[in-house]
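start.pdb, holding PDB, C-alpha atoms:
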```pdb
ATOM      1  CA  MET A   1      23.600   2.210 -13.714
ATOM      2  CA  ASP A   2      24.452   1.991 -17.380
ATOM      3  CA  THR A   3      25.964  -1.483 -17.483
ATOM      4  CA  VAL A   4      24.473  -3.371 -20.395
ATOM      5  CA  SER A   5      23.894  -7.081 -19.879
ATOM      6  CA  ILE A   6      24.263  -9.256 -22.927
ATOM      7  CA  LEU A   7      23.526 -12.900 -23.575
ATOM      8  CA  LEU A   8      24.805 -14.876 -26.554
ATOM      9  CA  ALA A   9      23.450 -18.248 -27.598
ATOM     10  CA  ASP A  10      25.743 -19.868 -30.139
ATOM     11  CA  ASP A  11      26.999 -23.447 -30.494
ATOM     12  CA  ASP A  12      30.196 -22.448 -32.313
ATOM     13  CA  GLU A  13      33.019 -21.992 -29.822
ATOM     14  CA  ASP A  14      35.116 -19.784 -32.099
ATOM     15  CA  ASP A  15      32.195 -17.492 -32.734
ATOM     16  CA  ARG A  16      31.582 -17.159 -29.001
ATOM     17  CA  LEU A  17      35.220 -16.306 -28.397
ATOM     18  CA  LEU A  18      35.287 -13.697 -31.126
ATOM     19  CA  PHE A  19      32.049 -12.212 -29.873
ATOM     20  CA  GLU A  20      33.371 -11.916 -26.324
ATOM     21  CA  GLU A  21      36.543 -10.269 -27.582
ATOM     22  CA  ALA A  22      34.587  -7.803 -29.701
ATOM     23  CA  LEU A  23      32.404  -6.894 -26.715
ATOM     24  CA  GLN A  24      35.489  -5.734 -24.842
ATOM     25  CA  LYS A  25      36.148  -3.146 -27.522
ATOM     26  CA  VAL A  26      32.698  -1.571 -27.232
ATOM     27  CA  ARG A  27      32.449   1.758 -25.386
ATOM     28  CA  HIS A  28      29.614   0.722 -23.092
ATOM     29  CA  SER A  29      30.262  -1.087 -19.873
ATOM     30  CA  ILE A  30      29.168  -4.665 -20.521
ATOM     31  CA  LYS A  31      28.278  -7.739 -18.524
ATOM     32  CA  SER A  32      28.091 -10.810 -20.736
ATOM     33  CA  LYS A  33      27.043 -14.441 -20.511
ATOM     34  CA  MET A  34      27.333 -17.199 -23.103
ATOM     35  CA  VAL A  35      25.280 -20.358 -23.592
ATOM     36  CA  ASN A  36      26.009 -23.160 -26.068
ATOM     37  CA  ASN A  37      22.638 -24.199 -27.418
ATOM     38  CA  GLY A  38      18.938 -23.475 -27.510
ATOM     39  CA  ALA A  39      17.962 -25.816 -24.676
ATOM     40  CA  GLN A  40      20.581 -24.293 -22.400
ATOM     41  CA  LEU A  41      19.358 -20.848 -23.390
ATOM     42  CA  MET A  42      15.765 -21.520 -22.402
ATOM     43  CA  ASP A  43      16.817 -23.173 -19.120
ATOM     44  CA  TYR A  44      18.948 -20.179 -18.306
ATOM     45  CA  LEU A  45      16.241 -17.624 -19.157
ATOM     46  CA  HIS A  46      13.673 -19.466 -17.055
ATOM     47  CA  SER A  47      16.081 -19.563 -14.103
ATOM     48  CA  LEU A  48      16.279 -15.752 -14.002
ATOM     49  CA  GLY A  49      14.192 -13.723 -11.601
ATOM     50  CA  LYS A  50      12.130 -10.696 -12.446
ATOM     51  CA  GLY A  51      14.320  -7.764 -13.436
ATOM     52  CA  GLU A  52      17.297 -10.020 -14.139
ATOM     53  CA  LEU A  53      16.680 -10.503 -17.848
ATOM     54  CA  PRO A  54      19.544  -9.418 -20.086
ATOM     55  CA  HIS A  55      19.098  -6.206 -22.059
ATOM     56  CA  LEU A  56      19.930  -7.954 -25.274
ATOM     57  CA  LEU A  57      19.954 -11.530 -26.518
ATOM     58  CA  PHE A  58      22.084 -12.463 -29.528
ATOM     59  CA  LEU A  59      20.658 -15.627 -30.981
ATOM     60  CA  ASP A  60      22.230 -17.963 -33.514
ATOM     61  CA  LEU A  61      19.662 -19.680 -35.756
ATOM     62  CA  ASN A  62      21.304 -23.063 -36.318
ATOM     63  CA  MET A  63      21.849 -24.703 -32.963
ATOM     64  CA  PRO A  64      21.500 -28.303 -31.799
ATOM     65  CA  LEU A  65      18.717 -29.463 -29.426
ATOM     66  CA  LYS A  66      16.604 -26.396 -30.027
ATOM     67  CA  SER A  67      16.926 -24.029 -32.990
ATOM     68  CA  GLY A  68      17.105 -20.268 -32.658
ATOM     69  CA  LEU A  69      13.725 -19.935 -34.327
ATOM     70  CA  GLU A  70      12.101 -22.286 -31.809
ATOM     71  CA  CYS A  71      13.667 -20.303 -28.969
ATOM     72  CA  LEU A  72      12.431 -17.036 -30.470
ATOM     73  CA  THR A  73       8.882 -18.383 -30.739
ATOM     74  CA  GLU A  74       8.960 -19.568 -27.124
ATOM     75  CA  ILE A  75      10.365 -16.267 -25.916
ATOM     76  CA  ARG A  76       7.682 -14.218 -27.626
ATOM     77  CA  ALA A  77       4.936 -16.495 -26.316
ATOM     78  CA  HIS A  78       6.124 -16.294 -22.708
ATOM     79  CA  PRO A  79       4.734 -13.395 -20.635
ATOM     80  CA  CYS A  80       7.954 -12.910 -18.621
ATOM     81  CA  LEU A  81      10.334 -13.115 -21.569
ATOM     82  CA  ARG A  82       8.292 -11.303 -24.190
ATOM     83  CA  GLU A  83       9.950  -7.911 -23.657
ATOM     84  CA  LEU A  84      13.459  -9.211 -24.313
ATOM     85  CA  THR A  85      15.280  -7.588 -27.232
ATOM     86  CA  VAL A  86      16.296 -10.355 -29.599
ATOM     87  CA  ALA A  87      19.040  -9.918 -32.167
ATOM     88  CA  ILE A  88      19.391 -12.786 -34.615
ATOM     89  CA  TYR A  89      23.049 -13.530 -35.228
ATOM     90  CA  SER A  90      23.291 -15.782 -38.221
ATOM     91  CA  THR A  91      25.325 -16.778 -41.252
ATOM     92  CA  SER A  92      22.237 -16.923 -43.425
ATOM     93  CA  SER A  93      21.484 -13.885 -45.526
ATOM     94  CA  SER A  94      18.455 -15.243 -47.355
ATOM     95  CA  SER A  95      15.757 -12.599 -47.366
ATOM     96  CA  GLU A  96      13.185 -15.283 -46.613
ATOM     97  CA  ASP A  97      14.994 -16.231 -43.374
ATOM     98  CA  ILE A  98      15.319 -12.589 -42.421
ATOM     99  CA  GLU A  99      11.660 -11.756 -42.977
ATOM    100  CA  ASN A 100      10.528 -14.894 -41.198
ATOM    101  CA  THR A 101      12.498 -14.055 -38.035
ATOM    102  CA  TYR A 102      11.090 -10.520 -37.990
ATOM    103  CA  ILE A 103       7.561 -11.827 -38.267
ATOM    104  CA  LYS A 104       8.251 -14.230 -35.404
ATOM    105  CA  GLY A 105       9.345 -11.243 -33.319
ATOM    106  CA  ALA A 106      13.080 -10.640 -33.826
ATOM    107  CA  ASN A 107      14.180  -7.029 -33.391
ATOM    108  CA  VAL A 108      17.525  -7.116 -35.105
ATOM    109  CA  TYR A 109      18.994  -9.289 -37.828
ATOM    110  CA  ILE A 110      22.771  -9.466 -38.067
ATOM    111  CA  ASN A 111      24.542 -11.303 -40.787
ATOM    112  CA  LYS A 112      27.694 -12.590 -39.039
ATOM    113  CA  PRO A 113      30.553 -10.523 -40.417
ATOM    114  CA  SER A 114      33.890 -12.103 -41.321
ATOM    115  CA  ASP A 115      35.858  -9.032 -40.271
ATOM    116  CA  PHE A 116      36.580  -8.455 -36.578
ATOM    117  CA  ASN A 117      36.459  -4.651 -36.684
ATOM    118  CA  GLN A 118      33.159  -4.823 -38.464
ATOM    119  CA  LEU A 119      31.836  -7.062 -35.694
ATOM    120  CA  VAL A 120      32.897  -4.494 -33.085
ATOM    121  CA  LYS A 121      31.140  -1.740 -35.022
ATOM    122  CA  ILE A 122      27.955  -3.807 -35.420
ATOM    123  CA  LEU A 123      27.794  -4.768 -31.745
ATOM    124  CA  SER A 124      28.444  -1.202 -30.720
ATOM    125  CA  ASP A 125      25.654   0.093 -32.998
ATOM    126  CA  VAL A 126      23.127  -2.488 -31.832
ATOM    127  CA  ILE A 127      23.921  -1.917 -28.153
ATOM    128  CA  THR A 128      23.658   1.852 -28.538
ATOM    129  CA  ILE A 129      20.349   1.743 -30.377
ATOM    130  CA  ASN A 130      18.869  -0.739 -27.919
ATOM    131  CA  TRP A 131      20.000   1.486 -25.082
ATOM    132  CA  GLN A 132      18.214   4.419 -26.699
ATOM    133  CA  TYR A 133      15.058   2.344 -26.968
ATOM    134  CA  GLN A 134      15.184   1.649 -23.276
ATOM    135  CA  ARG A 135      15.904   5.189 -22.262
ATOM    136  CA  SER A 136      13.478   6.937 -24.548
ATOM    137  CA  GLU A 137      10.644   4.511 -23.959
ATOM    138  CA  LEU A 138      10.374   3.970 -27.682
ATOM    139  CA  ASN A 139       7.900   1.407 -28.910
ATOM    140  CA  LYS A 140       9.739  -1.930 -28.974
ATOM    141  CA  GLU A 141       7.173  -3.321 -31.359
ATOM    142  CA  ASN A 142       8.648  -1.048 -33.998
ATOM    143  CA  PHE A 143      12.244  -2.020 -33.274
ATOM    144  CA  VAL A 144      13.369  -3.559 -36.522
ATOM    145  CA  LEU A 145      16.966  -3.299 -37.639
ATOM    146  CA  SER A 146      18.822  -5.178 -40.308
ATOM    147  CA  ILE A 147      22.614  -5.245 -40.568
ATOM    148  CA  GLU A 148      24.333  -6.973 -43.466
TER     149      GLU A 148
ATOM    150  CA  MET B   1      11.861   4.831  33.123
ATOM    151  CA  LYS B   2      14.788   5.726  30.941
ATOM    152  CA  LEU B   3      16.137   3.248  28.463
ATOM    153  CA  HIS B   4      18.838   3.467  25.921
ATOM    154  CA  VAL B   5      18.350   2.391  22.341
ATOM    155  CA  LYS B   6      20.976   1.399  19.888
ATOM    156  CA  TYR B   7      20.368   1.875  16.230
ATOM    157  CA  ASP B   8      22.111   1.621  12.922
ATOM    158  CA  THR B   9      21.440   4.522  10.542
ATOM    159  CA  LEU B  10      22.305   2.437   7.501
ATOM    160  CA  VAL B  11      19.667  -0.143   8.408
ATOM    161  CA  LEU B  12      17.175   2.653   8.988
ATOM    162  CA  TYR B  13      18.042   4.286   5.688
ATOM    163  CA  ARG B  14      17.723   1.029   3.756
ATOM    164  CA  ALA B  15      14.428   0.065   5.339
ATOM    165  CA  LEU B  16      13.005   3.504   4.644
ATOM    166  CA  ILE B  17      14.175   3.612   1.044
ATOM    167  CA  ARG B  18      12.696   0.155   0.451
ATOM    168  CA  GLU B  19       9.385   1.081   1.964
ATOM    169  CA  LYS B  20       9.079   4.282  -0.064
ATOM    170  CA  LEU B  21      10.525   3.147  -3.378
ATOM    171  CA  ASP B  22       8.744  -0.204  -3.551
ATOM    172  CA  LYS B  23       5.529   1.767  -3.597
ATOM    173  CA  LEU B  24       6.651   3.822  -6.593
ATOM    174  CA  GLY B  25       7.427   0.657  -8.521
ATOM    175  CA  TYR B  26      10.573   1.701 -10.414
ATOM    176  CA  PRO B  27      12.983  -1.246 -10.171
ATOM    177  CA  TYR B  28      16.118  -0.241  -8.219
ATOM    178  CA  SER B  29      18.925  -1.594  -6.135
ATOM    179  CA  LEU B  30      20.731  -0.197  -3.099
ATOM    180  CA  GLU B  31      24.481  -0.179  -3.218
ATOM    181  CA  GLY B  32      27.092   1.167  -0.844
ATOM    182  CA  GLN B  33      26.373   3.975   1.573
ATOM    183  CA  GLY B  34      24.398   6.406  -0.504
ATOM    184  CA  GLN B  35      24.104   4.938  -3.936
ATOM    185  CA  LEU B  36      20.852   4.135  -5.544
ATOM    186  CA  TYR B  37      20.727   2.427  -8.923
ATOM    187  CA  PHE B  38      17.639   2.443 -11.063
ATOM    188  CA  ASN B  39      17.373  -0.343 -13.618
ATOM    189  CA  GLN B  40      15.714   1.976 -16.067
ATOM    190  CA  TYR B  41      16.333   5.564 -17.002
ATOM    191  CA  LEU B  42      14.079   7.924 -15.032
ATOM    192  CA  SER B  43      12.664  11.016 -16.676
ATOM    193  CA  ASN B  44      12.890  14.333 -14.865
ATOM    194  CA  ALA B  45       9.291  13.982 -13.730
ATOM    195  CA  GLN B  46       9.937  10.493 -12.316
ATOM    196  CA  LEU B  47      13.070  11.729 -10.578
ATOM    197  CA  ASN B  48      11.037  14.497  -8.966
ATOM    198  CA  GLU B  49       8.578  11.897  -7.763
ATOM    199  CA  VAL B  50      11.435   9.985  -6.072
ATOM    200  CA  ASN B  51      12.681  13.219  -4.571
ATOM    201  CA  ASP B  52       9.247  14.111  -3.244
ATOM    202  CA  VAL B  53       8.704  10.881  -1.307
ATOM    203  CA  LEU B  54      12.166  11.051   0.276
ATOM    204  CA  LYS B  55      12.332  14.752   1.074
ATOM    205  CA  PRO B  56      10.191  14.566   4.277
ATOM    206  CA  TYR B  57      12.889  12.276   5.756
ATOM    207  CA  GLY B  58      15.741  14.613   4.986
ATOM    208  CA  ILE B  59      16.943  12.507   2.086
ATOM    209  CA  GLN B  60      17.879  14.415  -1.013
ATOM    210  CA  VAL B  61      18.625  12.879  -4.375
ATOM    211  CA  LEU B  62      21.756  14.286  -5.941
ATOM    212  CA  ASP B  63      22.320  13.878  -9.622
ATOM    213  CA  ASP B  64      24.807  14.640 -12.274
ATOM    214  CA  PRO B  65      24.143  18.066 -13.848
ATOM    215  CA  GLN B  66      25.557  16.908 -17.196
ATOM    216  CA  MET B  67      23.191  13.961 -17.224
ATOM    217  CA  MET B  68      20.301  16.240 -16.355
ATOM    218  CA  PHE B  69      21.171  18.631 -19.130
ATOM    219  CA  ALA B  70      21.535  15.816 -21.659
ATOM    220  CA  GLN B  71      18.164  14.473 -20.535
ATOM    221  CA  LYS B  72      16.600  17.870 -21.091
ATOM    222  CA  VAL B  73      18.022  17.953 -24.599
ATOM    223  CA  ARG B  74      16.631  14.479 -25.284
ATOM    224  CA  GLU B  75      13.170  15.409 -24.078
ATOM    225  CA  PHE B  76      13.191  18.589 -26.111
ATOM    226  CA  ILE B  77      14.233  16.793 -29.307
ATOM    227  CA  VAL B  78      11.465  14.220 -28.840
ATOM    228  CA  GLU B  79       8.973  17.049 -28.389
ATOM    229  CA  LEU B  80      10.169  18.762 -31.569
ATOM    230  CA  VAL B  81       9.973  15.542 -33.560
ATOM    231  CA  HIS B  82       6.389  15.015 -32.412
ATOM    232  CA  GLN B  83       5.395  18.602 -33.068
ATOM    233  CA  PRO B  84       7.435  19.772 -36.059
ATOM    234  CA  GLU B  85       5.366  22.971 -36.226
ATOM    235  CA  LEU B  86       7.248  24.170 -33.108
ATOM    236  CA  MET B  87      10.340  24.436 -35.318
ATOM    237  CA  GLU B  88       8.740  27.161 -37.437
ATOM    238  CA  ASN B  89      10.871  26.041 -40.379
ATOM    239  CA  ASN B  90      14.129  26.596 -38.499
ATOM    240  CA  LYS B  91      16.976  24.130 -38.256
ATOM    241  CA  PHE B  92      17.242  21.813 -35.229
ATOM    242  CA  SER B  93      20.597  23.323 -34.266
ATOM    243  CA  ASP B  94      19.145  26.856 -34.162
ATOM    244  CA  VAL B  95      16.020  25.896 -32.241
ATOM    245  CA  LEU B  96      18.003  23.909 -29.657
ATOM    246  CA  ALA B  97      20.570  26.661 -29.150
ATOM    247  CA  ARG B  98      17.916  29.342 -28.743
ATOM    248  CA  LYS B  99      15.631  27.339 -26.488
ATOM    249  CA  LEU B 100      18.352  25.902 -24.242
ATOM    250  CA  ASN B 101      20.375  29.080 -24.145
ATOM    251  CA  HIS B 102      23.716  27.509 -25.001
ATOM    252  CA  SER B 103      25.796  27.324 -28.145
ATOM    253  CA  TYR B 104      25.011  24.366 -30.364
ATOM    254  CA  SER B 105      28.595  23.094 -30.104
ATOM    255  CA  TYR B 106      28.313  23.013 -26.293
ATOM    256  CA  ILE B 107      24.961  21.217 -26.430
ATOM    257  CA  SER B 108      26.190  18.703 -28.927
ATOM    258  CA  LYS B 109      29.391  17.979 -26.982
ATOM    259  CA  ILE B 110      27.560  17.273 -23.703
ATOM    260  CA  PHE B 111      24.960  15.249 -25.548
ATOM    261  CA  SER B 112      27.369  12.879 -27.265
ATOM    262  CA  ASP B 113      29.477  12.474 -24.107
ATOM    263  CA  VAL B 114      26.485  11.092 -22.254
ATOM    264  CA  ASN B 115      24.511   9.350 -24.986
ATOM    265  CA  PHE B 116      27.050   7.347 -26.993
ATOM    266  CA  MET B 117      25.717   8.893 -30.192
ATOM    267  CA  SER B 118      25.779  12.315 -31.776
ATOM    268  CA  ILE B 119      22.846  14.655 -31.506
ATOM    269  CA  GLU B 120      22.317  14.352 -35.287
ATOM    270  CA  GLN B 121      22.137  10.551 -35.056
ATOM    271  CA  PHE B 122      19.681  10.843 -32.195
ATOM    272  CA  ILE B 123      17.439  13.235 -34.126
ATOM    273  CA  ILE B 124      17.415  10.890 -37.128
ATOM    274  CA  LEU B 125      16.665   7.912 -34.869
ATOM    275  CA  GLN B 126      13.749   9.743 -33.268
ATOM    276  CA  LYS B 127      12.412  10.942 -36.612
ATOM    277  CA  ILE B 128      12.550   7.447 -38.077
ATOM    278  CA  GLU B 129      10.772   6.103 -34.979
ATOM    279  CA  ARG B 130       8.065   8.661 -35.596
ATOM    280  CA  VAL B 131       7.855   7.577 -39.236
ATOM    281  CA  LYS B 132       7.530   3.946 -38.124
ATOM    282  CA  HIS B 133       4.775   4.876 -35.733
ATOM    283  CA  LEU B 134       2.850   6.729 -38.427
ATOM    284  CA  LEU B 135       3.478   3.976 -40.985
ATOM    285  CA  SER B 136       2.239   1.245 -38.673
ATOM    286  CA  GLY B 137      -0.925   3.235 -38.067
ATOM    287  CA  GLY B 138      -1.602   2.666 -41.749
ATOM    288  CA  THR B 139      -3.618   5.817 -42.413
ATOM    289  CA  LEU B 140      -0.915   8.049 -43.894
ATOM    290  CA  THR B 141       1.082   7.476 -47.068
ATOM    291  CA  LEU B 142       4.850   7.829 -47.062
ATOM    292  CA  THR B 143       4.526  11.060 -49.054
ATOM    293  CA  GLU B 144       2.179  12.539 -46.478
ATOM    294  CA  ILE B 145       4.523  11.497 -43.669
ATOM    295  CA  ALA B 146       7.520  13.062 -45.436
ATOM    296  CA  TRP B 147       5.596  16.293 -45.769
ATOM    297  CA  GLN B 148       4.421  16.248 -42.164
ATOM    298  CA  LEU B 149       7.914  15.696 -40.766
ATOM    299  CA  ASN B 150       9.547  18.368 -42.953
ATOM    300  CA  TYR B 151      11.538  16.062 -45.207
ATOM    301  CA  SER B 152      12.611  17.755 -48.430
ATOM    302  CA  SER B 153      11.310  14.812 -50.464
ATOM    303  CA  VAL B 154       9.857  11.352 -50.080
ATOM    304  CA  GLN B 155      13.081   9.948 -51.606
ATOM    305  CA  HIS B 156      15.091  11.589 -48.849
ATOM    306  CA  LEU B 157      12.880  10.025 -46.195
ATOM    307  CA  SER B 158      12.959   6.653 -47.889
ATOM    308  CA  ASN B 159      16.780   6.706 -48.085
ATOM    309  CA  GLN B 160      17.148   7.766 -44.480
ATOM    310  CA  PHE B 161      14.747   5.037 -43.376
ATOM    311  CA  ARG B 162      16.700   2.444 -45.313
ATOM    312  CA  LYS B 163      20.016   3.676 -43.961
ATOM    313  CA  THR B 164      18.814   3.739 -40.340
ATOM    314  CA  THR B 165      16.882   0.482 -40.164
ATOM    315  CA  GLY B 166      18.427  -1.588 -42.967
ATOM    316  CA  ILE B 167      15.030  -2.219 -44.516
ATOM    317  CA  THR B 168      12.687  -0.273 -46.781
ATOM    318  CA  PRO B 169       9.559   1.478 -45.489
ATOM    319  CA  SER B 170       7.357  -0.924 -47.443
ATOM    320  CA  SER B 171       8.985  -4.045 -45.989
ATOM    321  CA  PHE B 172       8.724  -2.500 -42.533
ATOM    322  CA  GLN B 173       5.001  -2.035 -43.064
ATOM    323  CA  LYS B 174       4.689  -5.627 -44.250
ATOM    324  CA  ILE B 175       6.652  -6.991 -41.273
ATOM    325  CA  VAL B 176       4.540  -5.105 -38.732
ATOM    326  CA  LYS B 177       1.334  -6.297 -40.381
ATOM    327  CA  GLU B 178       2.453  -9.948 -40.544
ATOM    328  CA  ARG B 179       3.772  -9.786 -36.998
ATOM    329  CA  ARG B 180       0.431  -8.606 -35.688
ATOM    330  CA  LYS B 181      -1.343 -11.364 -37.587
ATOM    331  CA  HIS B 182       1.144 -13.856 -36.159
ATOM    332  CA  VAL B 183       0.485 -12.639 -32.612
ATOM    333  CA  GLU B 184      -3.271 -12.755 -33.166
ATOM    334  CA  THR B 185      -3.281 -16.351 -34.417
ATOM    335  CA  ARG B 186      -1.058 -17.359 -31.512
ATOM    336  CA  LYS B 187      -3.526 -15.844 -29.095
ATOM    337  CA  ILE B 188      -6.369 -17.786 -30.722
ATOM    338  CA  ASP B 189      -4.343 -21.023 -30.585
ATOM    339  CA  ALA B 190      -3.605 -20.548 -26.902
TER     340      ALA B 190
END
```
Go ahead and render the structure in this file as C-alpha cells.
Amino acid sequence: MDTVSILLADDDEDDRLLFEEALQKVRHSIKSKMVNNGAQLMDYLHSLGKGELPHLLFLDLNMPLKSGLECLTEIRAHPCLRELTVAIYSTSSSSEDIENTYIKGANVYINKPSDFNQLVKILSDVITINWQYQRSELNKENFVLSIE
Amino acid sequence: MKLHVKYDTLVLYRALIREKLDKLGYPYSLEGQGQLYFNQYLSNAQLNEVNDVLKPYGIQVLDDPQMMFAQKVREFIVELVHQPELMENNKFSDVLARKLNHSYSYISKIFSDVNFMSIEQFIILQKIERVKHLLSGGTLTLTEIAWQLNYSSVQHLSNQFRKTTGITPSSFQKIVKERRKHVETRKIDA
C-alpha cells in the first residue's frame, strides 16, 4: 500500500547508479525505474495507463534529444501527466535556472550533492514530504521545495 | 427439477468487490485472498463509505488500529492548524494529549512510527502549507498571517518558512504568481 514508485531521467550513467544505490538506503519501500534521456522519458510516460504514473519524477535538466525543461513543459501541458510531482535534479545552482523551473511547474529543485550520505538524506526528505502531500490532500500547486 | 451448481467464492468475492468499489471511484487493486490495496490514502470517512457498501454482503474491512490512531492524530492536527483558536493559547502537545486521552510521548511515538516524520515536523509542515495557502490568496500580509497562526514574530515565521521550503516567503509569492500567469498564457495559446 505504501510502496513509493520513483522515476529518474538522467543521461549520466554514474549518476543513475548512485541514485539507485541511495534509494536502497531510504526507509520507504521503493519501486524505481530509470530512463536515459528526455525522449525516452516522454515515451515511457505516455505508455503508462491511468493510475500507473510514478509518485515522483526526478528530472535532470541537461539531457540529449529532449531537455529536462522541454519535458517539464510537456508534462504540465498534458492532462494525464499534469498531476505528476516533478523534482528537478540538476548540477546547476543558478537562481535564474531554479526560478524558471518553478515557474514552468517544477515542485522540487535539488542541486545534485557530491556526498552520498547527503543524497540519501535529500531523497528521503523529498519522498517523505511528497508522501505527506498525497496523504493529506495538500494543494500540489503550492508544493515548492528547494534543496541546495 | 433439482440441479447442482458449482461456484468459486473467490470469483464471487472479486466480482462483487469490483462492482461495488468501481462505483465509489477510489483506485484500488485486489491482491491475494483478502487483501485490498488502495492507491491513495483513505480518510476515516472514506473508509466508512467502503465499509458501508460491503457490509450488506457480510464483508467487513479490517484495519490496523495503529494506522487508524495515527490518522486521527493527523486529522486533528490539520483541524488545529486551520482553526488556531481551538488551541486557546495552549501548546500543541497539551491539546493533543488532552483531546486524544493519551500521553504526548505515546501519541508522538505511534505517529512517527507510521508517518516517517515526527509529529513536530508534521505540525510545521502543515502550518507552512497553511501559510502558503494564505500567501497565495494575496489578501493578507506576512505579519497578519504570523499573528493569525500564533507565531511569536514575523521573523520566526519567515525563518521557519525558509527552513521548510528552501525559499523565502516573498519568492514563493512571486513563483506562484508567475506560474499562474504562465498557465494562463498557455491556455490562451492552446
| task | Would you kindly translate the PyMOL selection byres ((chain B) within 6 of (chain A)) into the concrete residues it picks from this file, as a ChimeraX atom specification? | result | /B:37,41,165-166,175,178-179
Go ahead and write the selection's residues with C-alpha atoms as a short mmCIF file (atom, residue, chain, number, x, y, z; two decimals), in the frame of the given file.
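Generated output (out.cif):
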```
data_model
loop_
_atom_site.label_atom_id
_atom_site.label_comp_id
_atom_site.auth_asym_id
_atom_site.auth_seq_id
_atom_site.Cartn_x
_atom_site.Cartn_y
_atom_site.Cartn_z
CA TYR B 37 20.73 2.43 -8.92
CA TYR B 41 16.33 5.56 -17.00
CA THR B 165 16.88 0.48 -40.16
CA GLY B 166 18.43 -1.59 -42.97
CA ILE B 175 6.65 -6.99 -41.27
CA GLU B 178 2.45 -9.95 -40.54
CA ARG B 179 3.77 -9.79 -37.00
#
```
| Distance of CA of Gln46 in chain B from CA of Ser108 in chain B, expressed in Å to one decimal place |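 Distance reported for this atom pair: 24.6 Å.
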| query | So, counting all atoms listed in the file, which residue among B:Met87, B:Leu21, B:Leu36, B:Asn159 is closest to Glu49 in chain B? | reply | B:Leu21
| field | Spatial neighbours of Asn62 in chain A, 10 Å, only C-alpha atoms, chain gap at least 4 places, as a ChimeraX atom specification | value | /A:10-12,37-38,66-69,89-92
| said: I'd like the contact shell of range 120-133 of chain B - 7 Å cut-off, only C-alpha atoms, skipping same-chain residues fewer than 4 positions apart - returned as a PyMOL selection string. | reply: (chain A and resi 142) or (chain B and resi 77-78+81+137+145+161)
| said: Give me, as a list of chain:residue names, all polymer residues having an atom no more than 12 Å from Pro65 in chain B, counting all atoms listed in the file and skipping those fewer than 3 positions away in the same chain. | reply: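 After dropping sequence-adjacent residues, the list is B:Asn44, B:Leu62, B:Met68, B:Phe69, B:Ala70, B:Gln71, B:Lys72, B:Ile110, B:Val114.
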Please list as a PDB file with C-alpha atoms, in the frame of the given file every residue within 12 Å of Gln24 in chain A, counting only C-alpha atoms and excluding residues in the same chain fewer than 2 positions away.
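Printed below is result.pdb as written:
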```
ATOM      1  CA  ILE A   6      24.263  -9.256 -22.927  1.00  0.00           C
ATOM      2  CA  LEU A  17      35.220 -16.306 -28.397  1.00  0.00           C
ATOM      3  CA  LEU A  18      35.287 -13.697 -31.126  1.00  0.00           C
ATOM      4  CA  PHE A  19      32.049 -12.212 -29.873  1.00  0.00           C
ATOM      5  CA  GLU A  20      33.371 -11.916 -26.324  1.00  0.00           C
ATOM      6  CA  GLU A  21      36.543 -10.269 -27.582  1.00  0.00           C
ATOM      7  CA  ALA A  22      34.587  -7.803 -29.701  1.00  0.00           C
ATOM      8  CA  VAL A  26      32.698  -1.571 -27.232  1.00  0.00           C
ATOM      9  CA  ARG A  27      32.449   1.758 -25.386  1.00  0.00           C
ATOM     10  CA  HIS A  28      29.614   0.722 -23.092  1.00  0.00           C
ATOM     11  CA  SER A  29      30.262  -1.087 -19.873  1.00  0.00           C
ATOM     12  CA  ILE A  30      29.168  -4.665 -20.521  1.00  0.00           C
ATOM     13  CA  LYS A  31      28.278  -7.739 -18.524  1.00  0.00           C
ATOM     14  CA  SER A  32      28.091 -10.810 -20.736  1.00  0.00           C
ATOM     15  CA  ASN A 117      36.459  -4.651 -36.684  1.00  0.00           C
ATOM     16  CA  LEU A 119      31.836  -7.062 -35.694  1.00  0.00           C
ATOM     17  CA  VAL A 120      32.897  -4.494 -33.085  1.00  0.00           C
ATOM     18  CA  LYS A 121      31.140  -1.740 -35.022  1.00  0.00           C
ATOM     19  CA  LEU A 123      27.794  -4.768 -31.745  1.00  0.00           C
ATOM     20  CA  SER A 124      28.444  -1.202 -30.720  1.00  0.00           C
TER      21      SER A 124
END
```
| task | Report the distance between CA of Asp97 in chain A and CA of Gln160 in chain B in Å, rounded to one decimal place. | result | 24.1 Å
| request: Excluding Ala97 in chain B and any residue of its chain fewer than 3 positions from it, enumerate the residues within 12 Å of it, using all atoms listed in the file, and give them as a PyMOL selection string. | output: chain B and resi 73+76-77+90-94+100-108
| request: Go through B:Asn51, B:Ser158, B:Ser43, B:Gln148 and flag the residue nearest Leu134 in chain B, using all atoms listed in the file for the distances. | output: B:Gln148
| request: Calculate how many Å separate CA of Lys25 in chain A from CA of Tyr28 in chain B, rounding to one decimal. | output: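 Pair CA of Lys25 in chain A / CA of Tyr28 in chain B returns 28.0 Å.
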Any chance you could build range 71-77 of chain B out to N, CA and C atoms and write it as an mmCIF file, in the frame of the given file?
```cif
data_model
loop_
_atom_site.group_PDB
_atom_site.id
_atom_site.type_symbol
_atom_site.label_atom_id
_atom_site.label_comp_id
_atom_site.auth_asym_id
_atom_site.auth_seq_id
_atom_site.Cartn_x
_atom_site.Cartn_y
_atom_site.Cartn_z
ATOM 1 N N GLN B 71 19.534 14.973 -20.574
ATOM 2 C CA GLN B 71 18.164 14.473 -20.535
ATOM 3 C C GLN B 71 17.179 15.536 -21.025
ATOM 4 N N LYS B 72 17.452 16.764 -20.659
ATOM 5 C CA LYS B 72 16.600 17.870 -21.091
ATOM 6 C C LYS B 72 16.651 18.003 -22.618
ATOM 7 N N VAL B 73 17.859 17.877 -23.145
ATOM 8 C CA VAL B 73 18.022 17.953 -24.599
ATOM 9 C C VAL B 73 17.237 16.829 -25.276
ATOM 10 N N ARG B 74 17.363 15.624 -24.726
ATOM 11 C CA ARG B 74 16.631 14.479 -25.284
ATOM 12 C C ARG B 74 15.130 14.750 -25.312
ATOM 13 N N GLU B 75 14.619 15.192 -24.170
ATOM 14 C CA GLU B 75 13.170 15.409 -24.078
ATOM 15 C C GLU B 75 12.708 16.479 -25.054
ATOM 16 N N PHE B 76 13.549 17.499 -25.209
ATOM 17 C CA PHE B 76 13.191 18.589 -26.111
ATOM 18 C C PHE B 76 13.189 18.121 -27.574
ATOM 19 N N ILE B 77 14.178 17.308 -27.934
ATOM 20 C CA ILE B 77 14.233 16.793 -29.307
ATOM 21 C C ILE B 77 12.998 15.933 -29.600
#
```
